[in-house]
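Structure file target05.pdb with PDB, C-alpha atoms:
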```pdb
MODEL        1
ATOM      1  CA  MET A   1      14.796 -48.054 -33.967
ATOM      2  CA  PHE A   2      16.077 -48.310 -30.377
ATOM      3  CA  LYS A   3      19.636 -47.445 -31.492
ATOM      4  CA  TYR A   4      18.547 -43.782 -31.801
ATOM      5  CA  PHE A   5      17.634 -43.803 -28.110
ATOM      6  CA  GLU A   6      20.876 -45.305 -26.828
ATOM      7  CA  PRO A   7      22.120 -43.481 -23.698
ATOM      8  CA  ASN A   8      25.402 -42.520 -25.419
ATOM      9  CA  LYS A   9      23.465 -40.727 -28.151
ATOM     10  CA  ILE A  10      20.791 -38.981 -26.105
ATOM     11  CA  PHE A  11      22.846 -37.873 -23.087
ATOM     12  CA  ALA A  12      23.817 -34.626 -24.819
ATOM     13  CA  THR A  13      20.091 -33.795 -24.979
ATOM     14  CA  THR A  14      18.969 -35.198 -21.616
ATOM     15  CA  SER A  15      21.784 -33.379 -19.781
ATOM     16  CA  LYS A  16      20.846 -29.973 -21.221
ATOM     17  CA  ALA A  17      17.049 -30.357 -21.167
ATOM     18  CA  PRO A  18      16.370 -30.040 -17.372
ATOM     19  CA  LYS A  19      17.092 -26.289 -17.179
ATOM     20  CA  TYR A  20      14.593 -25.561 -19.987
ATOM     21  CA  VAL A  21      11.992 -27.942 -18.506
ATOM     22  CA  LEU A  22      12.454 -26.300 -15.070
ATOM     23  CA  PHE A  23      11.863 -22.849 -16.581
ATOM     24  CA  LEU A  24       8.748 -24.040 -18.433
ATOM     25  CA  PHE A  25       7.487 -25.807 -15.294
ATOM     26  CA  ILE A  26       7.801 -22.624 -13.184
ATOM     27  CA  VAL A  27       5.946 -20.569 -15.830
ATOM     28  CA  VAL A  28       3.107 -23.115 -16.253
ATOM     29  CA  LEU A  29       2.857 -23.714 -12.484
ATOM     30  CA  THR A  30       2.597 -19.965 -11.796
ATOM     31  CA  ILE A  31      -0.240 -19.629 -14.318
ATOM     32  CA  GLY A  32      -1.870 -22.792 -12.960
ATOM     33  CA  LEU A  33      -1.701 -21.640  -9.316
ATOM     34  CA  THR A  34      -3.136 -18.219 -10.210
ATOM     35  CA  GLU A  35      -6.014 -19.885 -12.055
ATOM     36  CA  ALA A  36      -6.579 -22.541  -9.390
ATOM     37  CA  LEU A  37      -6.393 -20.335  -6.290
ATOM     38  CA  ILE A  38      -7.682 -16.976  -7.503
ATOM     39  CA  LEU A  39      -9.397 -16.920 -10.896
ATOM     40  CA  SER A  40     -11.416 -20.139 -10.973
ATOM     41  CA  PRO A  41     -14.902 -20.011  -9.435
ATOM     42  CA  GLU A  42     -15.917 -21.735  -6.225
ATOM     43  CA  ASP A  43     -18.222 -24.746  -6.415
ATOM     44  CA  TYR A  44     -21.905 -24.221  -5.593
ATOM     45  CA  LYS A  45     -21.866 -27.221  -3.223
ATOM     46  CA  GLN A  46     -18.269 -27.567  -2.002
ATOM     47  CA  SER A  47     -17.474 -23.855  -2.044
ATOM     48  CA  ASP A  48     -13.700 -23.150  -2.059
ATOM     49  CA  ALA A  49     -12.819 -26.681  -0.873
ATOM     50  CA  VAL A  50     -13.146 -27.696  -4.536
ATOM     51  CA  ARG A  51      -9.790 -25.992  -5.232
ATOM     52  CA  ILE A  52      -8.049 -29.011  -3.705
ATOM     53  CA  MET A  53      -9.114 -30.803  -6.907
ATOM     54  CA  TYR A  54      -6.451 -28.826  -8.826
ATOM     55  CA  VAL A  55      -3.634 -30.649  -7.010
ATOM     56  CA  HIS A  56      -5.405 -33.901  -6.093
ATOM     57  CA  VAL A  57      -6.672 -34.936  -9.543
ATOM     58  CA  PRO A  58      -3.507 -34.216 -11.623
ATOM     59  CA  ALA A  59      -1.378 -35.995  -8.984
ATOM     60  CA  ALA A  60      -3.623 -39.075  -9.138
ATOM     61  CA  TRP A  61      -3.679 -39.079 -12.970
ATOM     62  CA  ILE A  62       0.090 -38.786 -13.266
ATOM     63  CA  SER A  63       0.844 -41.433 -10.632
ATOM     64  CA  LEU A  64      -1.440 -43.859 -12.515
ATOM     65  CA  GLY A  65       0.113 -42.905 -15.849
ATOM     66  CA  ILE A  66       3.645 -43.399 -14.563
ATOM     67  CA  PHE A  67       2.875 -46.796 -13.049
ATOM     68  CA  THR A  68       1.305 -47.913 -16.353
ATOM     69  CA  SER A  69       4.492 -46.727 -18.091
ATOM     70  CA  LEU A  70       6.608 -48.747 -15.621
ATOM     71  CA  ALA A  71       4.646 -51.886 -16.536
ATOM     72  CA  LEU A  72       4.923 -51.219 -20.292
ATOM     73  CA  LEU A  73       8.661 -50.542 -20.000
ATOM     74  CA  SER A  74       9.052 -53.729 -17.950
ATOM     75  CA  VAL A  75       7.322 -55.756 -20.660
ATOM     76  CA  GLY A  76       9.543 -53.998 -23.215
ATOM     77  CA  SER A  77      12.596 -54.849 -21.159
ATOM     78  CA  PHE A  78      11.623 -58.557 -21.201
ATOM     79  CA  VAL A  79      10.655 -58.662 -24.887
ATOM     80  CA  PHE A  80      13.463 -56.583 -26.416
ATOM     81  CA  LYS A  81      16.156 -57.370 -23.812
ATOM     82  CA  ASN A  82      16.972 -53.662 -23.774
ATOM     83  CA  LYS A  83      18.576 -52.463 -20.517
ATOM     84  CA  ASN A  84      17.667 -48.855 -21.280
ATOM     85  CA  PHE A  85      13.981 -49.651 -20.656
ATOM     86  CA  ALA A  86      14.794 -50.666 -17.073
ATOM     87  CA  LEU A  87      16.859 -47.502 -16.611
ATOM     88  CA  ILE A  88      13.985 -45.324 -17.873
ATOM     89  CA  ALA A  89      11.503 -47.147 -15.594
ATOM     90  CA  LYS A  90      13.796 -46.737 -12.581
ATOM     91  CA  SER A  91      14.085 -43.000 -13.312
ATOM     92  CA  LEU A  92      10.313 -42.539 -13.646
ATOM     93  CA  ALA A  93       9.364 -44.308 -10.404
ATOM     94  CA  PRO A  94      10.330 -41.648  -7.773
ATOM     95  CA  SER A  95       8.090 -38.934  -9.241
ATOM     96  CA  GLY A  96       5.250 -41.458  -9.668
ATOM     97  CA  PHE A  97       5.569 -42.395  -5.997
ATOM     98  CA  ILE A  98       5.556 -38.754  -4.844
ATOM     99  CA  PHE A  99       2.482 -38.021  -6.980
ATOM    100  CA  ASN A 100       0.770 -41.066  -5.451
ATOM    101  CA  ILE A 101       1.514 -39.778  -1.934
ATOM    102  CA  ILE A 102       0.305 -36.272  -2.897
ATOM    103  CA  ALA A 103      -2.960 -37.757  -4.252
ATOM    104  CA  LEU A 104      -3.498 -39.689  -0.994
ATOM    105  CA  VAL A 105      -2.652 -36.812   1.347
ATOM    106  CA  THR A 106      -4.571 -34.115  -0.564
ATOM    107  CA  GLY A 107      -7.495 -36.549  -0.944
ATOM    108  CA  SER A 108      -7.471 -37.037   2.815
ATOM    109  CA  ILE A 109      -7.395 -33.247   3.385
ATOM    110  CA  TRP A 110     -10.285 -32.850   0.894
ATOM    111  CA  GLY A 111     -12.209 -35.664   2.605
ATOM    112  CA  LYS A 112     -12.447 -33.864   5.940
ATOM    113  CA  PRO A 113     -14.608 -30.873   4.856
ATOM    114  CA  THR A 114     -16.606 -32.817   2.228
ATOM    115  CA  TRP A 115     -17.165 -36.273   3.829
ATOM    116  CA  GLY A 116     -16.454 -35.369   7.437
ATOM    117  CA  THR A 117     -13.560 -37.804   7.745
ATOM    118  CA  TRP A 118      -9.836 -37.831   6.954
ATOM    119  CA  TRP A 119      -9.846 -41.476   5.855
ATOM    120  CA  ALA A 120     -12.271 -44.209   4.819
ATOM    121  CA  TRP A 121     -11.496 -47.767   3.708
ATOM    122  CA  ASP A 122     -13.335 -47.039   0.502
ATOM    123  CA  ALA A 123     -12.524 -48.878  -2.766
ATOM    124  CA  ARG A 124     -10.882 -45.932  -4.565
ATOM    125  CA  ILE A 125      -8.809 -44.785  -1.590
ATOM    126  CA  THR A 126      -7.746 -48.305  -0.599
ATOM    127  CA  SER A 127      -6.735 -49.201  -4.173
ATOM    128  CA  MET A 128      -4.673 -45.973  -4.353
ATOM    129  CA  LEU A 129      -2.978 -46.964  -1.098
ATOM    130  CA  ILE A 130      -2.184 -50.374  -2.611
ATOM    131  CA  LEU A 131      -0.624 -48.574  -5.602
ATOM    132  CA  ALA A 132       1.567 -46.587  -3.190
ATOM    133  CA  LEU A 133       2.676 -49.900  -1.632
ATOM    134  CA  PHE A 134       3.581 -51.253  -5.082
ATOM    135  CA  TYR A 135       5.569 -48.080  -5.780
ATOM    136  CA  GLY A 136       7.295 -48.449  -2.406
ATOM    137  CA  ILE A 137       8.193 -52.112  -2.998
ATOM    138  CA  TYR A 138       9.360 -51.275  -6.534
ATOM    139  CA  LEU A 139      11.719 -48.543  -5.302
ATOM    140  CA  LEU A 140      12.891 -50.681  -2.385
ATOM    141  CA  ALA A 141      13.729 -53.578  -4.730
ATOM    142  CA  TRP A 142      16.109 -51.318  -6.689
ATOM    143  CA  ARG A 143      17.922 -50.598  -3.415
ATOM    144  CA  ILE A 144      17.948 -54.149  -2.026
ATOM    145  CA  TYR A 145      19.133 -56.234  -4.987
ATOM    146  CA  GLU A 146      22.700 -55.745  -6.096
ATOM    147  CA  ASP A 147      22.714 -58.181  -9.010
ATOM    148  CA  LYS A 148      21.747 -56.183 -12.132
ATOM    149  CA  GLU A 149      20.001 -59.037 -13.961
ATOM    150  CA  GLN A 150      18.069 -60.043 -10.848
ATOM    151  CA  VAL A 151      16.927 -56.515  -9.956
ATOM    152  CA  VAL A 152      15.580 -55.931 -13.476
ATOM    153  CA  LYS A 153      13.589 -59.181 -13.291
ATOM    154  CA  VAL A 154      12.217 -58.497  -9.788
ATOM    155  CA  THR A 155      11.250 -54.863 -10.444
ATOM    156  CA  SER A 156       9.671 -55.781 -13.804
ATOM    157  CA  LEU A 157       7.600 -58.451 -12.068
ATOM    158  CA  ILE A 158       6.474 -55.965  -9.386
ATOM    159  CA  ALA A 159       5.461 -53.424 -12.071
ATOM    160  CA  ILE A 160       3.576 -56.018 -14.152
ATOM    161  CA  LEU A 161       1.767 -57.398 -11.080
ATOM    162  CA  GLY A 162       1.005 -53.905  -9.782
ATOM    163  CA  VAL A 163      -0.485 -52.641 -13.051
ATOM    164  CA  VAL A 164      -3.439 -55.013 -12.487
ATOM    165  CA  ASN A 165      -4.436 -52.527  -9.779
ATOM    166  CA  VAL A 166      -4.638 -49.598 -12.250
ATOM    167  CA  PRO A 167      -7.975 -50.559 -13.908
ATOM    168  CA  ILE A 168      -9.273 -51.463 -10.437
ATOM    169  CA  ILE A 169      -8.518 -47.881  -9.307
ATOM    170  CA  LYS A 170     -10.119 -46.442 -12.449
ATOM    171  CA  PHE A 171     -13.344 -48.467 -12.245
ATOM    172  CA  SER A 172     -13.573 -48.832  -8.448
ATOM    173  CA  VAL A 173     -16.095 -45.963  -8.304
ATOM    174  CA  ASP A 174     -18.332 -47.775 -10.817
ATOM    175  CA  TRP A 175     -17.943 -51.327  -9.476
ATOM    176  CA  TRP A 176     -18.497 -50.561  -5.779
ATOM    177  CA  ASN A 177     -20.485 -48.108  -3.689
ATOM    178  CA  THR A 178     -17.859 -45.600  -2.646
ATOM    179  CA  LEU A 179     -17.641 -42.280  -0.868
ATOM    180  CA  HIS A 180     -15.493 -41.101  -3.758
ATOM    181  CA  GLN A 181     -17.413 -39.440  -6.563
ATOM    182  CA  PRO A 182     -17.555 -41.098 -10.036
ATOM    183  CA  ALA A 183     -15.247 -39.875 -12.821
ATOM    184  CA  SER A 184     -16.180 -36.363 -13.981
ATOM    185  CA  ILE A 185     -13.960 -36.374 -17.050
ATOM    186  CA  ASN A 186     -13.837 -38.945 -19.834
ATOM    187  CA  ILE A 187     -10.919 -38.489 -22.209
ATOM    188  CA  LEU A 188     -12.660 -40.679 -24.793
ATOM    189  CA  SER A 189     -15.699 -38.414 -25.027
ATOM    190  CA  THR A 190     -16.439 -34.694 -25.001
ATOM    191  CA  ASN A 191     -19.065 -35.250 -22.328
ATOM    192  CA  THR A 192     -17.663 -33.860 -19.089
ATOM    193  CA  ALA A 193     -19.350 -32.909 -15.832
ATOM    194  CA  ILE A 194     -16.912 -30.054 -15.180
ATOM    195  CA  HIS A 195     -17.480 -26.493 -16.418
ATOM    196  CA  PRO A 196     -14.724 -25.070 -18.669
ATOM    197  CA  SER A 197     -13.963 -22.414 -16.020
ATOM    198  CA  MET A 198     -12.713 -25.285 -13.814
ATOM    199  CA  LEU A 199     -11.522 -27.543 -16.610
ATOM    200  CA  VAL A 200      -8.974 -24.988 -17.893
ATOM    201  CA  PRO A 201      -7.117 -24.601 -14.538
ATOM    202  CA  LEU A 202      -7.263 -28.371 -14.105
ATOM    203  CA  GLY A 203      -5.644 -28.793 -17.529
ATOM    204  CA  ILE A 204      -2.941 -26.198 -16.758
ATOM    205  CA  MET A 205      -2.132 -27.803 -13.397
ATOM    206  CA  THR A 206      -1.973 -31.228 -15.077
ATOM    207  CA  ALA A 207       0.479 -29.806 -17.628
ATOM    208  CA  ALA A 208       2.578 -28.317 -14.785
ATOM    209  CA  PHE A 209       2.653 -31.643 -12.920
ATOM    210  CA  ALA A 210       3.564 -33.501 -16.121
ATOM    211  CA  LEU A 211       6.457 -31.055 -16.659
ATOM    212  CA  PHE A 212       7.629 -31.626 -13.090
ATOM    213  CA  SER A 213       7.641 -35.403 -13.561
ATOM    214  CA  LEU A 214       9.572 -34.905 -16.828
ATOM    215  CA  LEU A 215      12.092 -32.729 -14.979
ATOM    216  CA  ILE A 216      12.630 -35.298 -12.214
ATOM    217  CA  PHE A 217      12.783 -38.097 -14.780
ATOM    218  CA  LEU A 218      15.517 -36.325 -16.770
ATOM    219  CA  MET A 219      17.580 -35.596 -13.645
ATOM    220  CA  LYS A 220      17.196 -39.182 -12.371
ATOM    221  CA  TYR A 221      17.985 -40.627 -15.794
ATOM    222  CA  ASN A 222      21.163 -38.543 -16.061
ATOM    223  CA  THR A 223      22.138 -39.696 -12.543
ATOM    224  CA  GLU A 224      21.661 -43.336 -13.557
ATOM    225  CA  LEU A 225      23.676 -42.885 -16.760
ATOM    226  CA  ILE A 226      26.564 -41.294 -14.860
ATOM    227  CA  LYS A 227      26.418 -44.186 -12.334
ATOM    228  CA  VAL A 228      26.789 -46.616 -15.253
ATOM    229  CA  LYS A 229      29.718 -44.593 -16.614
ATOM    230  CA  ASN A 230      31.295 -44.472 -13.138
ATOM    231  CA  LYS A 231      31.282 -48.277 -13.105
ATOM    232  CA  GLY A 232      32.731 -48.200 -16.627
ATOM    233  CA  LEU A 233      35.675 -46.096 -15.369
ATOM    234  CA  ASP A 234      36.297 -48.691 -12.627
ATOM    235  CA  ARG A 235      36.603 -51.395 -15.290
ATOM    236  CA  LEU A 236      39.124 -49.483 -17.400
TER     237      LEU A 236
ATOM    238  CA  MET B 237      -9.676  -9.474  -1.355
ATOM    239  CA  ILE B 238      -6.546 -10.897   0.320
ATOM    240  CA  ASN B 239      -8.570 -11.977   3.369
ATOM    241  CA  GLU B 240     -11.006 -13.801   1.049
ATOM    242  CA  ILE B 241      -8.139 -15.634  -0.652
ATOM    243  CA  ILE B 242      -6.625 -16.603   2.693
ATOM    244  CA  SER B 243      -9.880 -17.690   4.369
ATOM    245  CA  MET B 244     -11.377 -19.383   1.270
ATOM    246  CA  ASN B 245     -14.869 -19.173   2.803
ATOM    247  CA  GLY B 246     -13.682 -21.039   5.877
ATOM    248  CA  TYR B 247     -11.890 -23.770   3.884
ATOM    249  CA  GLY B 248      -8.527 -21.977   3.840
ATOM    250  CA  VAL B 249      -6.844 -24.359   6.256
ATOM    251  CA  TYR B 250      -7.709 -27.326   3.988
ATOM    252  CA  VAL B 251      -6.955 -25.655   0.660
ATOM    253  CA  TRP B 252      -3.675 -24.062   1.752
ATOM    254  CA  SER B 253      -2.423 -27.197   3.527
ATOM    255  CA  ALA B 254      -3.146 -29.306   0.389
ATOM    256  CA  PHE B 255      -1.290 -26.851  -1.876
ATOM    257  CA  SER B 256       1.546 -26.401   0.634
ATOM    258  CA  PHE B 257       2.034 -30.161   1.007
ATOM    259  CA  THR B 258       2.206 -30.496  -2.796
ATOM    260  CA  LEU B 259       4.722 -27.685  -3.235
ATOM    261  CA  ILE B 260       6.882 -28.843  -0.307
ATOM    262  CA  SER B 261       6.935 -32.392  -1.768
ATOM    263  CA  PHE B 262       7.964 -30.975  -5.169
ATOM    264  CA  THR B 263      10.751 -28.887  -3.635
ATOM    265  CA  ALA B 264      12.051 -31.784  -1.527
ATOM    266  CA  LEU B 265      12.053 -34.243  -4.449
ATOM    267  CA  TYR B 266      13.740 -31.688  -6.723
ATOM    268  CA  PHE B 267      16.580 -30.951  -4.289
ATOM    269  CA  VAL B 268      17.119 -34.616  -3.318
ATOM    270  CA  THR B 269      17.337 -35.554  -7.017
ATOM    271  CA  LYS B 270      19.654 -32.613  -7.746
ATOM    272  CA  LEU B 271      21.898 -33.626  -4.845
ATOM    273  CA  GLN B 272      22.124 -37.220  -6.103
ATOM    274  CA  LEU B 273      23.007 -35.945  -9.590
ATOM    275  CA  SER B 274      25.705 -33.616  -8.240
ATOM    276  CA  LYS B 275      27.199 -36.440  -6.145
ATOM    277  CA  GLU B 276      27.494 -38.701  -9.210
ATOM    278  CA  HIS B 277      29.062 -35.860 -11.221
ATOM    279  CA  ILE B 278      31.641 -35.271  -8.490
ATOM    280  CA  LYS B 279      32.345 -39.012  -8.183
ATOM    281  CA  PHE B 280      32.836 -39.200 -11.960
ATOM    282  CA  ALA B 281      35.202 -36.226 -12.006
ATOM    283  CA  PHE B 282      37.204 -37.717  -9.122
ATOM    284  CA  LYS B 283      37.503 -41.133 -10.792
ATOM    285  CA  PHE B 284      38.365 -39.552 -14.126
ATOM    286  CA  GLY B 285      41.055 -37.454 -12.468
ATOM    287  CA  SER B 286      42.678 -40.524 -10.933
ATOM    288  CA  LEU B 287      43.029 -42.325 -14.307
ATOM    289  CA  ASN B 288      46.468 -42.551 -15.899
ATOM    290  CA  GLU B 289      47.030 -40.821 -19.249
ATOM    291  CA  GLU B 290      46.340 -43.883 -21.376
ATOM    292  CA  LYS B 291      43.080 -44.777 -19.590
ATOM    293  CA  ALA B 292      41.954 -41.134 -19.596
ATOM    294  CA  ARG B 293      42.520 -41.026 -23.379
ATOM    295  CA  VAL B 294      40.377 -44.161 -23.823
ATOM    296  CA  ALA B 295      37.645 -42.754 -21.552
ATOM    297  CA  ARG B 296      37.699 -39.406 -23.336
ATOM    298  CA  SER B 297      37.149 -41.133 -26.678
ATOM    299  CA  GLN B 298      33.504 -41.683 -25.661
ATOM    300  CA  ASN B 299      31.204 -38.706 -26.340
ATOM    301  CA  ILE B 300      29.121 -39.340 -23.230
ATOM    302  CA  ASN B 301      32.185 -39.149 -20.953
ATOM    303  CA  ARG B 302      33.168 -35.821 -22.504
ATOM    304  CA  GLU B 303      29.595 -34.568 -22.005
ATOM    305  CA  ILE B 304      29.609 -35.629 -18.342
ATOM    306  CA  LEU B 305      32.941 -33.911 -17.786
ATOM    307  CA  SER B 306      31.767 -30.687 -19.412
ATOM    308  CA  ASN B 307      28.598 -30.733 -17.288
ATOM    309  CA  THR B 308      30.638 -31.438 -14.144
ATOM    310  CA  SER B 309      32.618 -28.265 -14.687
ATOM    311  CA  ASN B 310      29.320 -26.315 -14.552
ATOM    312  CA  ILE B 311      28.379 -27.674 -11.094
TER     313      ILE B 311
ENDMDL
END
```
Starting from the coordinates I provided, produce the structure as structure tokens.
Amino acid sequence: MFKYFEPNKIFATTSKAPKYVLFLFIVVLTIGLTEALILSPEDYKQSDAVRIMYVHVPAAWISLGIFTSLALLSVGSFVFKNKNFALIAKSLAPSGFIFNIIALVTGSIWGKPTWGTWWAWDARITSMLILALFYGIYLLAWRIYEDKEQVVKVTSLIAILGVVNVPIIKFSVDWWNTLHQPASINILSTNTAIHPSMLVPLGIMTAAFALFSLLIFLMKYNTELIKVKNKGLDRL
Amino acid sequence: MINEIISMNGYGVYVWSAFSFTLISFTALYFVTKLQLSKEHIKFAFKFGSLNEEKARVARSQNINREILSNTSNI
């Protein structure tokens, strides 16, 4: 099955896709920003400060999703001995890291008007900070190690160790008393604490952020493939 | 209307700084990634150009190398 996803076969697609993804991202982001900043209602308790949710929540979701993908790809890389898995993981990591930073910074900005503080060593916030450290170490490892075999092993280990933190982040608001509110949306049930008038912009912004991470992934992946081919030219 | 959007009931400074930080991060990551991609394209074109005829023929026999070269010409 993996032969259909070999870099040589998919490069024609991955090299052309970014321009279409960029166009789609700009369209969806424009709709999302209009909904989030103008059309969606203010919250009866938080007033307009609630709008920060439209960047904070999608960023947190996507950074968690990407780190989980890194761990799965790392396991895949060990099990199937497929180098392409490591290349895909390496290309996904930068956008995951940026989304993690966005979630932390926008969460901090949201914390000031709602909790009265920029930062608290609360379970959810601290576990998100730990995730950012794992992302940082993961990206740093790709820069430090020169040996290809070694770097794949080290980064895979970091991703597999770090993914333990993902369920901790998810359930931290249930396991501990935290300043952070409990989950308002459950993807496994239709029972949600958010009104559709806020859920729709949240969904659109999540789609826009997902498109942006796809765009960065494709550009990074193409960069990595060309790097590999550059080394191939040296060996000719 | 515009004043209401800007002030956001007194939360404007928080809302706009959160959205601005997000959009600035997106723009920075996009351009850094684009720059890295362009650099690799240029490096590839340079290396390809310095190959002798025989090696260039071998390199050109791979689809992916032809794709990279055609994309490089668009940069």
| Can you tell me how far CA of Thr308 (chain B) sits from CA of Lys229 (chain A), in Å to one decimal? |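 About the pair CA of Thr308 (chain B) and CA of Lys229 (chain A): they are 13.4 Å apart.
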| said: Starting from the PyMOL selection byres ((chain B) within 9 of (chain A)), expand the selection into actual residues of this file and give them as JSON, numbers by chain. | reply: {"B": [241, 244, 245, 246, 247, 248, 250, 251, 252, 253, 254, 255, 257, 258, 261, 262, 265, 266, 269, 270, 272, 273, 274, 275, 276, 277, 279, 280, 283, 284, 287, 291, 294, 295, 298, 299, 300, 301, 303, 304, 307]}
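For the pair CA of Ala60 (chain A) and CA of Tyr138 (chain A), the separation is 18.0 Å.
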| Nearest to Ala132 (chain A), chosen from A:Ser63, A:Thr178, A:Ser172, A:Ser77, with only C-alpha atoms counted in the distances | A:Ser63
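Going from CA of Leu202 (chain A) to CA of Val28 (chain A) covers 11.8 Å.
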Would you fill the gaps in region 108-115 of chain A so it has all heavy atoms, then print it as a short mmCIF file (atom, residue, chain, number, x, y, z; two decimals), in the coordinates of the input?
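Output file selection.cif follows:
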```cif
data_model
loop_
_atom_site.label_atom_id
_atom_site.label_comp_id
_atom_site.auth_asym_id
_atom_site.auth_seq_id
_atom_site.Cartn_x
_atom_site.Cartn_y
_atom_site.Cartn_z
N SER A 108 -7.11 -36.95 1.40
CA SER A 108 -7.47 -37.04 2.82
C SER A 108 -7.87 -35.65 3.34
O SER A 108 -8.87 -35.51 4.06
CB SER A 108 -6.27 -37.61 3.58
OG SER A 108 -6.52 -37.55 4.94
N ILE A 109 -7.09 -34.63 2.95
CA ILE A 109 -7.40 -33.25 3.38
C ILE A 109 -8.75 -32.81 2.80
O ILE A 109 -9.54 -32.16 3.48
CB ILE A 109 -6.26 -32.28 2.96
CG1 ILE A 109 -4.95 -32.63 3.69
CG2 ILE A 109 -6.65 -30.83 3.23
CD1 ILE A 109 -3.72 -31.90 3.17
N TRP A 110 -9.02 -33.20 1.56
CA TRP A 110 -10.28 -32.85 0.89
C TRP A 110 -11.46 -33.61 1.53
O TRP A 110 -12.58 -33.12 1.61
CB TRP A 110 -10.18 -33.20 -0.60
CG TRP A 110 -11.18 -32.54 -1.48
CD1 TRP A 110 -12.12 -31.60 -1.14
CD2 TRP A 110 -11.34 -32.77 -2.89
NE1 TRP A 110 -12.85 -31.24 -2.26
CE2 TRP A 110 -12.39 -31.94 -3.34
CE3 TRP A 110 -10.68 -33.58 -3.81
CZ2 TRP A 110 -12.81 -31.90 -4.68
CZ3 TRP A 110 -11.09 -33.55 -5.15
CH2 TRP A 110 -12.14 -32.72 -5.57
N GLY A 111 -11.17 -34.81 2.01
CA GLY A 111 -12.21 -35.66 2.60
C GLY A 111 -12.81 -35.06 3.87
O GLY A 111 -14.01 -35.21 4.12
N LYS A 112 -11.97 -34.40 4.65
CA LYS A 112 -12.45 -33.86 5.94
C LYS A 112 -13.61 -32.86 5.78
O LYS A 112 -14.68 -33.07 6.38
CB LYS A 112 -11.26 -33.25 6.71
CG LYS A 112 -11.59 -32.82 8.13
CD LYS A 112 -12.02 -33.98 9.00
CE LYS A 112 -12.40 -33.51 10.39
NZ LYS A 112 -13.13 -34.54 11.13
N PRO A 113 -13.47 -31.80 4.97
CA PRO A 113 -14.61 -30.87 4.86
C PRO A 113 -15.79 -31.42 4.03
O PRO A 113 -16.91 -30.98 4.20
CB PRO A 113 -13.99 -29.64 4.18
CG PRO A 113 -12.79 -30.15 3.47
CD PRO A 113 -12.28 -31.32 4.24
N THR A 114 -15.50 -32.36 3.10
CA THR A 114 -16.61 -32.82 2.23
C THR A 114 -17.31 -34.07 2.77
O THR A 114 -18.52 -34.19 2.67
CB THR A 114 -16.11 -33.09 0.79
OG1 THR A 114 -14.95 -33.91 0.86
CG2 THR A 114 -15.80 -31.82 0.05
N TRP A 115 -16.56 -35.03 3.32
CA TRP A 115 -17.16 -36.27 3.83
C TRP A 115 -17.23 -36.29 5.36
O TRP A 115 -17.83 -37.20 5.93
CB TRP A 115 -16.36 -37.51 3.39
CG TRP A 115 -16.17 -37.66 1.92
CD1 TRP A 115 -16.97 -37.17 0.93
CD2 TRP A 115 -15.12 -38.38 1.25
NE1 TRP A 115 -16.48 -37.52 -0.29
CE2 TRP A 115 -15.35 -38.26 -0.13
CE3 TRP A 115 -14.01 -39.09 1.69
CZ2 TRP A 115 -14.51 -38.84 -1.08
CZ3 TRP A 115 -13.18 -39.68 0.75
CH2 TRP A 115 -13.42 -39.55 -0.62
#
```
